$ cat my_file-v2.cif   # mmCIF, C-alpha atoms
data_query
#
loop_
_atom_site.label_atom_id
_atom_site.label_comp_id
_atom_site.auth_asym_id
_atom_site.auth_seq_id
_atom_site.Cartn_x
_atom_site.Cartn_y
_atom_site.Cartn_z
CA TYR X 1 11.25 12.39 -12.14
CA ALA X 2 7.58 12.92 -11.26
CA LEU X 3 5.86 9.59 -10.66
CA LEU X 4 2.50 10.99 -9.59
CA SER X 5 1.06 14.48 -9.72
CA PHE X 6 -2.11 16.19 -8.54
CA ASP X 7 -3.08 19.18 -10.66
CA ASP X 8 -5.78 21.41 -9.08
CA VAL X 9 -7.55 18.36 -7.64
CA SER X 10 -10.77 18.82 -5.70
CA TYR X 11 -12.85 16.10 -4.08
CA ALA X 12 -16.12 15.92 -2.19
CA TYR X 13 -17.95 12.78 -1.12
CA PRO X 14 -21.37 12.49 -2.82
CA GLY X 15 -23.74 14.80 -0.97
CA GLY X 16 -20.99 15.84 1.43
CA LYS X 17 -18.88 18.93 1.89
CA PRO X 18 -15.59 19.31 -0.06
CA VAL X 19 -12.65 17.45 1.48
CA LEU X 20 -9.91 18.66 -0.88
CA HIS X 21 -9.91 21.97 -2.70
CA ASP X 22 -7.60 22.75 -5.67
CA VAL X 23 -4.72 20.61 -4.41
CA SER X 24 -1.51 20.42 -6.47
CA PHE X 25 1.68 18.50 -5.63
CA VAL X 26 4.20 16.13 -7.17
CA LEU X 27 5.53 12.83 -5.83
CA GLU X 28 9.00 12.05 -7.13
CA GLN X 29 10.15 8.55 -7.94
CA GLY X 30 11.96 6.78 -5.10
CA LYS X 31 11.10 9.26 -2.36
CA THR X 32 9.14 8.69 0.84
CA TYR X 33 6.27 10.98 1.77
CA ALA X 34 4.28 11.15 4.98
CA LEU X 35 0.72 12.44 5.24
CA VAL X 36 -0.09 13.76 8.70
CA GLY X 37 -2.98 15.75 10.13
CA PRO X 38 -6.13 15.45 12.20
CA THR X 39 -8.70 12.70 11.80
CA GLY X 40 -11.13 13.67 9.05
CA GLY X 41 -8.63 16.09 7.52
CA GLY X 42 -8.44 14.21 4.22
CA LYS X 43 -5.37 11.95 4.51
CA THR X 44 -7.10 8.71 3.53
CA THR X 45 -9.11 10.52 0.84
CA THR X 46 -5.87 11.86 -0.67
CA ALA X 47 -4.31 8.38 -0.60
CA SER X 48 -7.44 6.84 -2.12
CA LEU X 49 -7.31 9.33 -4.98
CA MET X 50 -3.64 8.41 -5.55
CA ALA X 51 -4.70 4.79 -6.04
CA ARG X 52 -7.81 5.79 -8.03
CA LEU X 53 -10.22 4.28 -5.57
CA PHE X 54 -12.06 7.52 -6.33
CA ASP X 55 -11.88 10.02 -9.17
CA PRO X 56 -11.53 13.72 -8.40
CA VAL X 57 -14.53 16.01 -8.84
CA SER X 58 -12.23 18.36 -10.78
CA GLY X 59 -8.55 18.49 -11.68
CA ILE X 60 -6.27 15.77 -13.01
CA ILE X 61 -4.16 13.07 -11.38
CA GLU X 62 -1.30 11.78 -13.52
CA LEU X 63 0.79 8.63 -13.11
CA ASN X 64 4.01 8.63 -15.13
CA GLY X 65 2.75 11.67 -17.04
CA LYS X 66 -0.52 10.00 -18.11
CA ASP X 67 -4.01 10.68 -16.82
CA MET X 68 -4.67 8.03 -14.16
CA ARG X 69 -8.03 7.26 -15.83
CA THR X 70 -6.29 5.94 -18.96
CA TYR X 71 -4.81 2.93 -17.14
CA SER X 72 -6.68 -0.37 -16.98
CA PRO X 73 -7.46 -1.65 -13.45
CA GLU X 74 -4.94 -4.49 -13.97
CA GLU X 75 -2.19 -2.10 -14.98
CA ARG X 76 -2.96 0.17 -12.06
CA ALA X 77 -2.97 -2.71 -9.58
CA LYS X 78 0.48 -3.69 -10.84
CA ARG X 79 1.92 -0.22 -10.40
CA ILE X 80 0.24 0.83 -7.16
CA GLY X 81 0.14 -1.07 -3.88
CA PHE X 82 -2.27 0.09 -1.18
CA ILE X 83 -2.18 -1.32 2.34
CA LEU X 84 -5.33 -0.30 4.16
CA GLN X 85 -5.83 -0.12 7.89
CA GLU X 86 -8.61 -2.70 7.52
CA PRO X 87 -7.26 -5.04 4.85
CA PHE X 88 -9.60 -7.01 2.63
CA LEU X 89 -8.89 -10.75 2.63
CA PHE X 90 -10.46 -13.72 0.86
CA THR X 91 -11.43 -17.08 2.29
CA GLY X 92 -8.57 -19.46 1.54
CA THR X 93 -4.95 -19.90 2.57
CA VAL X 94 -2.33 -17.26 3.32
CA ARG X 95 -0.67 -18.32 0.08
CA GLU X 96 -3.83 -17.74 -1.99
CA ASN X 97 -4.27 -14.32 -0.42
CA LEU X 98 -0.66 -13.38 -1.16
CA LEU X 99 -0.82 -14.35 -4.81
CA TYR X 100 -4.37 -13.22 -5.55
CA GLY X 101 -4.69 -11.14 -8.70
CA ASN X 102 -1.00 -11.42 -9.47
CA PRO X 103 -0.71 -13.28 -12.80
CA ASP X 104 3.11 -13.22 -12.67
CA PHE X 105 3.07 -15.64 -9.73
CA ALA X 106 0.10 -17.83 -10.67
CA ASP X 107 2.14 -20.87 -11.76
CA LEU X 108 4.89 -20.82 -9.17
CA SER X 109 5.71 -23.99 -7.26
CA ASP X 110 5.97 -23.95 -3.47
CA GLU X 111 9.73 -23.91 -3.80
CA ASP X 112 9.61 -20.88 -6.11
CA ILE X 113 7.29 -19.04 -3.75
CA ARG X 114 9.56 -19.70 -0.78
CA ALA X 115 12.54 -18.42 -2.78
CA LEU X 116 10.58 -15.32 -3.76
CA LEU X 117 9.55 -14.64 -0.15
CA ALA X 118 13.15 -15.07 0.98
CA LYS X 119 14.38 -12.70 -1.73
CA ARG X 120 11.94 -10.02 -0.53
CA ASN X 121 12.86 -10.75 3.13
CA LEU X 122 9.32 -11.89 3.91
CA SER X 123 10.07 -15.43 5.18
CA GLN X 124 10.12 -14.32 8.82
CA LEU X 125 6.62 -12.93 8.48
CA VAL X 126 5.24 -16.17 7.01
CA GLU X 127 6.66 -18.02 10.02
CA ARG X 128 4.30 -16.00 12.23
CA PHE X 129 1.36 -18.03 10.95
CA ASN X 130 0.69 -21.42 12.59
CA GLU X 131 0.77 -23.36 9.34
CA GLY X 132 2.84 -20.95 7.29
CA LEU X 133 1.55 -20.44 3.74
CA GLU X 134 -1.16 -23.08 4.28
CA THR X 135 -2.75 -21.26 7.24
CA GLN X 136 -6.48 -20.89 6.60
CA VAL X 137 -7.93 -17.40 6.45
CA ALA X 138 -11.64 -16.53 6.40
CA ALA X 139 -12.94 -13.44 4.61
CA THR X 140 -14.49 -12.40 7.91
CA GLY X 141 -10.99 -12.44 9.38
CA ASP X 142 -11.77 -15.31 11.76
CA GLY X 143 -8.75 -17.39 12.65
CA VAL X 144 -6.21 -14.60 12.20
CA SER X 145 -5.75 -11.47 14.28
CA LEU X 146 -6.09 -7.98 12.82
CA GLY X 147 -2.31 -7.66 13.10
CA GLN X 148 -1.91 -10.86 11.05
CA LYS X 149 -4.38 -9.56 8.48
CA GLN X 150 -2.21 -6.47 8.14
CA LEU X 151 0.87 -8.67 7.70
CA ILE X 152 -0.83 -10.57 4.85
CA ALA X 153 -1.80 -7.30 3.16
CA PHE X 154 1.72 -6.00 3.66
CA MET X 155 3.33 -9.09 2.12
CA ARG X 156 0.83 -9.10 -0.76
CA ALA X 157 1.74 -5.51 -1.65
CA VAL X 158 5.51 -5.90 -1.22
CA LEU X 159 5.58 -9.00 -3.43
CA ARG X 160 4.34 -6.91 -6.33
CA ALA X 161 7.24 -4.45 -5.91
CA PRO X 162 4.92 -1.63 -7.02
CA GLU X 163 6.09 1.75 -8.31
CA LEU X 164 3.98 3.45 -5.64
CA LEU X 165 3.30 1.89 -2.25
CA ILE X 166 0.72 3.54 0.01
CA LEU X 167 0.50 2.54 3.67
CA ASP X 168 -2.56 3.86 5.50
CA GLU X 169 -2.01 3.24 9.21
CA ALA X 170 -0.77 -0.12 8.00
CA THR X 171 1.00 -0.98 11.24
CA ALA X 172 -1.66 0.25 13.65
CA ASN X 173 -2.31 -3.23 15.09
CA ILE X 174 1.24 -4.52 14.97
CA ASP X 175 3.69 -4.63 17.87
CA THR X 176 6.82 -2.47 17.71
CA VAL X 177 9.21 -5.41 17.14
CA THR X 178 7.24 -6.50 14.06
CA GLU X 179 6.92 -2.88 12.98
CA GLN X 180 10.70 -2.62 13.04
CA LEU X 181 10.90 -5.71 10.82
CA LEU X 182 8.37 -4.22 8.38
CA GLU X 183 10.45 -1.05 8.15
CA GLU X 184 13.53 -3.10 7.30
CA ILE X 185 11.55 -4.89 4.57
CA LEU X 186 10.35 -1.56 3.15
CA ASP X 187 13.94 -0.31 3.12
CA GLN X 188 14.86 -3.25 0.87
CA LEU X 189 12.30 -2.40 -1.80
CA PRO X 190 13.79 -1.14 -5.08
CA GLU X 191 15.19 2.38 -4.82
CA THR X 192 12.69 3.43 -7.47
CA THR X 193 9.67 2.65 -5.24
CA THR X 194 7.85 5.76 -4.08
CA LYS X 195 6.28 5.38 -0.64
CA VAL X 196 3.39 7.31 0.91
CA ILE X 197 2.84 6.71 4.61
CA ILE X 198 -0.15 7.82 6.67
CA ALA X 199 0.64 7.44 10.34
CA HIS X 200 0.11 8.96 13.75
CA ARG X 201 3.21 7.48 15.32
CA LEU X 202 6.17 9.79 14.88
CA ASN X 203 8.77 7.03 14.49
CA THR X 204 7.03 5.85 11.32
CA ILE X 205 7.33 9.19 9.58
CA GLN X 206 10.53 10.75 10.85
CA ASN X 207 12.58 9.27 7.98
CA ALA X 208 10.30 10.65 5.25
CA ASP X 209 11.81 12.95 2.61
CA SER X 210 8.77 15.25 2.80
CA ILE X 211 5.85 15.54 5.19
CA PHE X 212 2.51 16.85 3.94
CA PHE X 213 0.13 18.29 6.53
CA VAL X 214 -3.41 17.51 5.39
CA ASN X 215 -6.28 19.37 7.03
CA GLY X 216 -9.26 20.07 4.77
#
$ encode --input "my_file-v2.cif" --output "structure tokens"
Amino acid sequence: YALLSFDDVSYAYPGGKPVLHDVSFVLEQGKTYALVGPTGGGKTTTASLMARLFDPVSGIIELNGKDMRTYSPEERAKRIGFILQEPFLFTGTVRENLLYGNPDFADLSDEDIRALLAKRNLSQLVERFNEGLETQVAATGDGVSLGQKQLIAFMRAVLRAPELLILDEATANIDTVTEQLLEEILDQLPETTTKVIIAHRLNTIQNADSIFFVNG
């Protein structure tokens, strides 16, 4: 069934020229979509509208048949995971960053968290940090590489098992071996998870069910 739909959606940045003009499409539950096209063509804008980081200038975006604007931010965050190319982290431990804003996991013991990570096949990724879950992270990103920041954002999103998972160049700073591991993790998400992938590397998008070419 239709998880997300754009109905005659247009978008222009304030004071800027239109980026999207009367766009309509449907994302079906459980399918994988790739957004490809030139830089500045509107891929990230389209993905940001899907996650309601922006509202369209005109037209309607629906999630599960309801206007996206009718969902509370908490409800939306639960249903939609967005992994940005430049992830936003908080000062604290890897663990705190993974569980941030996720009330379901707030009271878990260390043992429970490890079991949860193992269940979602994320344990190997945690091992890539010097002190595992207790590795310190600074909001400025000091102490962890950009690739590690992307791993934290990736784990944070996958732990939520969202209905829609958007990856915007989410593996741009990650080596191919790790990228392979991330793909295996994505493959183990529930079959109902819809995935939207923005990427320039062909191997990341060749398994998509549909490819959208986005260029203005």
$ closest_residue --input "my_file-v2.cif" --among "X:Tyr11, X:Phe90, X:Tyr71, X:Phe6" --to "X:Met50" --atoms "all atoms listed in the file"
X:Phe6
$ residues_around --input "my_file-v2.cif" --residues "X:Lys119" --least-positions-apart "4" --cutoff "12 Å" --atoms "all atoms listed in the file" --output "list in words"
Asp112, Ile113, Arg114, Ala115, Ser123, Gln124, Val158, Leu159, Ala161, Ile185, Gln188 and Leu189 of chain X
$ closest_residue --input "my_file-v2.cif" --among "X:Ala118, X:Val9, X:Leu53, X:Leu99" --to "X:Arg156" --atoms "only C-alpha atoms"
X:Leu99
$ closest_residue --input "my_file-v2.cif" --among "X:Leu108, X:Ile152, X:Val126, X:Leu98" --to "X:Glu86" --atoms "all atoms listed in the file"
X:Ile152
$ closest_residue --input "my_file-v2.cif" --among "X:Thr135, X:Asn130, X:Ser72, X:Thr32" --to "X:Arg95" --atoms "all atoms listed in the file"
X:Thr135
$ resolve_selection --input "my_file-v2.cif" --expression "the PyMOL selection byres ((chain X and resi 51) around 12)" --output "ChimeraX atom specification"
/X:4-6,44-50,52-56,61-63,68-69,71,73,75-84,162-168,196
$ residues_around --input "my_file-v2.cif" --residues "stretch 16-29 of chain X" --least-positions-apart "3" --cutoff "7 Å" --atoms "all atoms listed in the file" --output "PyMOL selection string"
chain X and resi 1-13+42+192-194+216
$ atom_distance --input "my_file-v2.cif" --atom1 "atom CA of X:Gln85" --atom2 "atom CA of X:Gly30"
23.1 Å
$ resolve_selection --input "my_file-v2.cif" --expression "the PyMOL selection byres ((chain X and resi 94) around 7)" --output "ChimeraX atom specification"
/X:92-93,95-98,133-137
$ atom_distance --input "my_file-v2.cif" --atom1 "atom CA of X:Lys149" --atom2 "atom CA of X:Pro87"
6.5 Å
$ residues_near_point --input "my_file-v2.cif" --point "(-1.5, 10.0, 12.0)" --cutoff "8 Å" --atoms "all atoms listed in the file" --output "count of residues only"
10
$ atom_distance --input "my_file-v2.cif" --atom1 "atom CA of X:Glu131" --atom2 "atom CA of X:Glu111"
15.9 Å
$ closest_residue --input "my_file-v2.cif" --among "X:Ile60, X:Tyr33, X:Phe154, X:Ser210" --to "X:Leu122" --atoms "all atoms listed in the file"
X:Phe154
$ decode --input "my_file-v2.cif" --residues "stretch 41-195 of chain X" --atoms "C-alpha atoms" --output "mmCIF file, in the first residue's frame"
data_model
loop_
_atom_site.group_PDB
_atom_site.id
_atom_site.type_symbol
_atom_site.label_atom_id
_atom_site.label_comp_id
_atom_site.auth_asym_id
_atom_site.auth_seq_id
_atom_site.Cartn_x
_atom_site.Cartn_y
_atom_site.Cartn_z
ATOM 1 C CA GLY X 41 18.833 19.043 -8.823
ATOM 2 C CA GLY X 42 16.611 18.701 -5.760
ATOM 3 C CA LYS X 43 17.396 15.246 -4.316
ATOM 4 C CA THR X 44 18.074 16.389 -0.753
ATOM 5 C CA THR X 45 15.170 18.859 -0.924
ATOM 6 C CA THR X 46 12.826 16.019 -1.942
ATOM 7 C CA ALA X 47 14.118 13.826 0.895
ATOM 8 C CA SER X 48 13.802 16.699 3.386
ATOM 9 C CA LEU X 49 10.174 17.207 2.369
ATOM 10 C CA MET X 50 9.555 13.470 2.897
ATOM 11 C CA ALA X 51 10.743 13.854 6.490
ATOM 12 C CA ARG X 52 8.949 17.198 6.912
ATOM 13 C CA LEU X 53 12.110 19.140 7.555
ATOM 14 C CA PHE X 54 10.331 21.599 5.259
ATOM 15 C CA ASP X 55 6.714 22.053 4.221
ATOM 16 C CA PRO X 56 5.839 22.362 0.541
ATOM 17 C CA VAL X 57 4.894 25.762 -0.876
ATOM 18 C CA SER X 58 1.879 24.066 -2.471
ATOM 19 C CA GLY X 59 0.525 20.531 -2.738
ATOM 20 C CA ILE X 60 0.141 17.863 -0.073
ATOM 21 C CA ILE X 61 2.443 15.191 1.319
ATOM 22 C CA GLU X 62 0.666 12.264 2.975
ATOM 23 C CA LEU X 63 2.061 9.603 5.295
ATOM 24 C CA ASN X 64 -0.188 6.561 5.688
ATOM 25 C CA GLY X 65 -2.996 8.479 3.986
ATOM 26 C CA LYS X 66 -2.838 11.433 6.417
ATOM 27 C CA ASP X 67 -1.490 14.906 5.765
ATOM 28 C CA MET X 68 2.080 14.905 7.083
ATOM 29 C CA ARG X 69 1.347 18.148 8.976
ATOM 30 C CA THR X 70 -1.164 16.379 11.234
ATOM 31 C CA TYR X 71 1.523 14.252 12.928
ATOM 32 C CA SER X 72 3.272 15.453 16.070
ATOM 33 C CA PRO X 73 7.082 15.773 15.809
ATOM 34 C CA GLU X 74 7.452 12.795 18.196
ATOM 35 C CA GLU X 75 5.193 10.608 16.099
ATOM 36 C CA ARG X 76 6.991 11.625 12.939
ATOM 37 C CA ALA X 77 10.417 10.941 14.442
ATOM 38 C CA LYS X 78 9.226 7.456 15.354
ATOM 39 C CA ARG X 79 8.003 6.671 11.863
ATOM 40 C CA ILE X 80 10.711 8.330 9.779
ATOM 41 C CA GLY X 81 14.465 7.876 10.083
ATOM 42 C CA PHE X 82 16.741 10.299 8.239
ATOM 43 C CA ILE X 83 20.482 9.742 7.978
ATOM 44 C CA LEU X 84 22.117 12.920 6.742
ATOM 45 C CA GLN X 85 25.473 13.226 5.058
ATOM 46 C CA GLU X 86 26.576 15.486 7.924
ATOM 47 C CA PRO X 87 24.950 13.877 10.959
ATOM 48 C CA PHE X 88 24.069 15.921 14.010
ATOM 49 C CA LEU X 89 25.520 14.529 17.240
ATOM 50 C CA PHE X 90 25.352 15.606 20.877
ATOM 51 C CA THR X 91 28.153 15.840 23.400
ATOM 52 C CA GLY X 92 28.076 12.633 25.427
ATOM 53 C CA THR X 93 28.714 8.936 24.845
ATOM 54 C CA VAL X 94 27.956 6.831 21.789
ATOM 55 C CA ARG X 95 25.249 5.187 23.876
ATOM 56 C CA GLU X 96 23.558 8.513 24.709
ATOM 57 C CA ASN X 97 23.628 9.503 21.057
ATOM 58 C CA LEU X 98 22.098 6.183 20.006
ATOM 59 C CA LEU X 99 19.227 6.363 22.461
ATOM 60 C CA TYR X 100 18.559 10.103 22.292
ATOM 61 C CA GLY X 101 14.907 10.993 21.829
ATOM 62 C CA ASN X 102 13.840 7.368 21.872
ATOM 63 C CA PRO X 103 11.569 6.923 24.916
ATOM 64 C CA ASP X 104 11.154 3.181 24.252
ATOM 65 C CA PHE X 105 14.801 2.598 25.150
ATOM 66 C CA ALA X 106 15.246 5.145 27.941
ATOM 67 C CA ASP X 107 15.249 2.640 30.816
ATOM 68 C CA LEU X 108 17.204 -0.195 29.261
ATOM 69 C CA SER X 109 20.121 -1.715 31.152
ATOM 70 C CA ASP X 110 23.484 -2.173 29.448
ATOM 71 C CA GLU X 111 22.669 -5.832 29.008
ATOM 72 C CA ASP X 112 19.353 -5.010 27.314
ATOM 73 C CA ILE X 113 21.041 -2.529 25.003
ATOM 74 C CA ARG X 114 23.684 -5.052 23.978
ATOM 75 C CA ALA X 115 20.957 -7.617 23.261
ATOM 76 C CA LEU X 116 19.059 -5.055 21.206
ATOM 77 C CA LEU X 117 22.166 -4.123 19.207
ATOM 78 C CA ALA X 118 22.883 -7.803 18.581
ATOM 79 C CA LYS X 119 19.309 -8.399 17.445
ATOM 80 C CA ARG X 120 19.608 -5.575 14.898
ATOM 81 C CA ASN X 121 23.085 -6.831 13.844
ATOM 82 C CA LEU X 122 24.732 -3.621 15.047
ATOM 83 C CA SER X 123 27.230 -5.093 17.543
ATOM 84 C CA GLN X 124 30.044 -5.146 14.992
ATOM 85 C CA LEU X 125 29.629 -1.429 14.410
ATOM 86 C CA VAL X 126 29.823 -0.604 18.131
ATOM 87 C CA GLU X 127 33.112 -2.519 18.275
ATOM 88 C CA ARG X 128 34.586 0.045 15.874
ATOM 89 C CA PHE X 129 34.656 2.622 18.668
ATOM 90 C CA ASN X 130 37.622 2.542 21.080
ATOM 91 C CA GLU X 131 35.479 2.285 24.194
ATOM 92 C CA GLY X 132 32.368 0.827 22.621
ATOM 93 C CA LEU X 133 29.130 2.398 23.877
ATOM 94 C CA GLU X 134 31.056 4.529 26.390
ATOM 95 C CA THR X 135 33.194 6.257 23.735
ATOM 96 C CA GLN X 136 32.956 10.022 24.225
ATOM 97 C CA VAL X 137 31.572 12.109 21.387
ATOM 98 C CA ALA X 138 31.659 15.911 21.176
ATOM 99 C CA ALA X 139 28.947 17.874 19.381
ATOM 100 C CA THR X 140 31.699 19.399 17.261
ATOM 101 C CA GLY X 141 32.578 15.878 16.159
ATOM 102 C CA ASP X 142 36.005 15.955 17.809
ATOM 103 C CA GLY X 143 37.265 12.554 18.843
ATOM 104 C CA VAL X 144 35.373 10.613 16.178
ATOM 105 C CA SER X 145 35.895 10.639 12.427
ATOM 106 C CA LEU X 146 33.190 11.716 9.987
ATOM 107 C CA GLY X 147 32.813 8.049 9.031
ATOM 108 C CA GLN X 148 32.224 7.176 12.702
ATOM 109 C CA LYS X 149 29.701 9.994 13.006
ATOM 110 C CA GLN X 150 27.836 8.466 10.083
ATOM 111 C CA LEU X 151 27.937 5.054 11.786
ATOM 112 C CA ILE X 152 26.371 6.529 14.945
ATOM 113 C CA ALA X 153 23.630 8.198 12.896
ATOM 114 C CA PHE X 154 23.084 4.957 11.011
ATOM 115 C CA MET X 155 22.751 2.892 14.195
ATOM 116 C CA ARG X 156 20.487 5.501 15.798
ATOM 117 C CA ALA X 157 18.092 5.345 12.845
ATOM 118 C CA VAL X 158 18.138 1.549 12.458
ATOM 119 C CA LEU X 159 17.414 1.020 16.168
ATOM 120 C CA ARG X 160 14.104 2.801 15.721
ATOM 121 C CA ALA X 161 13.081 0.392 12.928
ATOM 122 C CA PRO X 162 11.225 3.267 11.227
ATOM 123 C CA GLU X 163 8.521 2.830 8.596
ATOM 124 C CA LEU X 164 10.504 5.070 6.243
ATOM 125 C CA LEU X 165 14.292 5.239 6.281
ATOM 126 C CA ILE X 166 15.992 7.947 4.216
ATOM 127 C CA LEU X 167 19.733 7.769 3.571
ATOM 128 C CA ASP X 168 21.247 10.904 2.058
ATOM 129 C CA GLU X 169 24.777 10.040 0.938
ATOM 130 C CA ALA X 170 24.900 8.256 4.274
ATOM 131 C CA THR X 171 27.946 6.171 3.391
ATOM 132 C CA ALA X 172 29.961 8.876 1.655
ATOM 133 C CA ASN X 173 32.776 8.769 4.229
ATOM 134 C CA ILE X 174 32.735 5.055 4.915
ATOM 135 C CA ASP X 175 35.064 2.461 3.405
ATOM 136 C CA THR X 176 33.622 -0.192 1.097
ATOM 137 C CA VAL X 177 33.996 -3.054 3.613
ATOM 138 C CA THR X 178 31.929 -1.153 6.191
ATOM 139 C CA GLU X 179 29.509 -0.088 3.477
ATOM 140 C CA GLN X 180 28.951 -3.753 2.663
ATOM 141 C CA LEU X 181 28.204 -4.400 6.343
ATOM 142 C CA LEU X 182 25.718 -1.501 6.428
ATOM 143 C CA GLU X 183 23.936 -2.925 3.392
ATOM 144 C CA GLU X 184 23.603 -6.278 5.141
ATOM 145 C CA ILE X 185 22.139 -4.516 8.196
ATOM 146 C CA LEU X 186 19.649 -2.636 6.006
ATOM 147 C CA ASP X 187 18.634 -5.919 4.384
ATOM 148 C CA GLN X 188 17.689 -7.242 7.840
ATOM 149 C CA LEU X 189 15.274 -4.413 8.595
ATOM 150 C CA PRO X 190 11.602 -5.451 8.667
ATOM 151 C CA GLU X 191 10.202 -6.171 5.209
ATOM 152 C CA THR X 192 7.709 -3.374 5.774
ATOM 153 C CA THR X 193 10.441 -0.690 5.960
ATOM 154 C CA THR X 194 10.443 1.615 2.950
ATOM 155 C CA LYS X 195 13.914 2.885 2.041
#
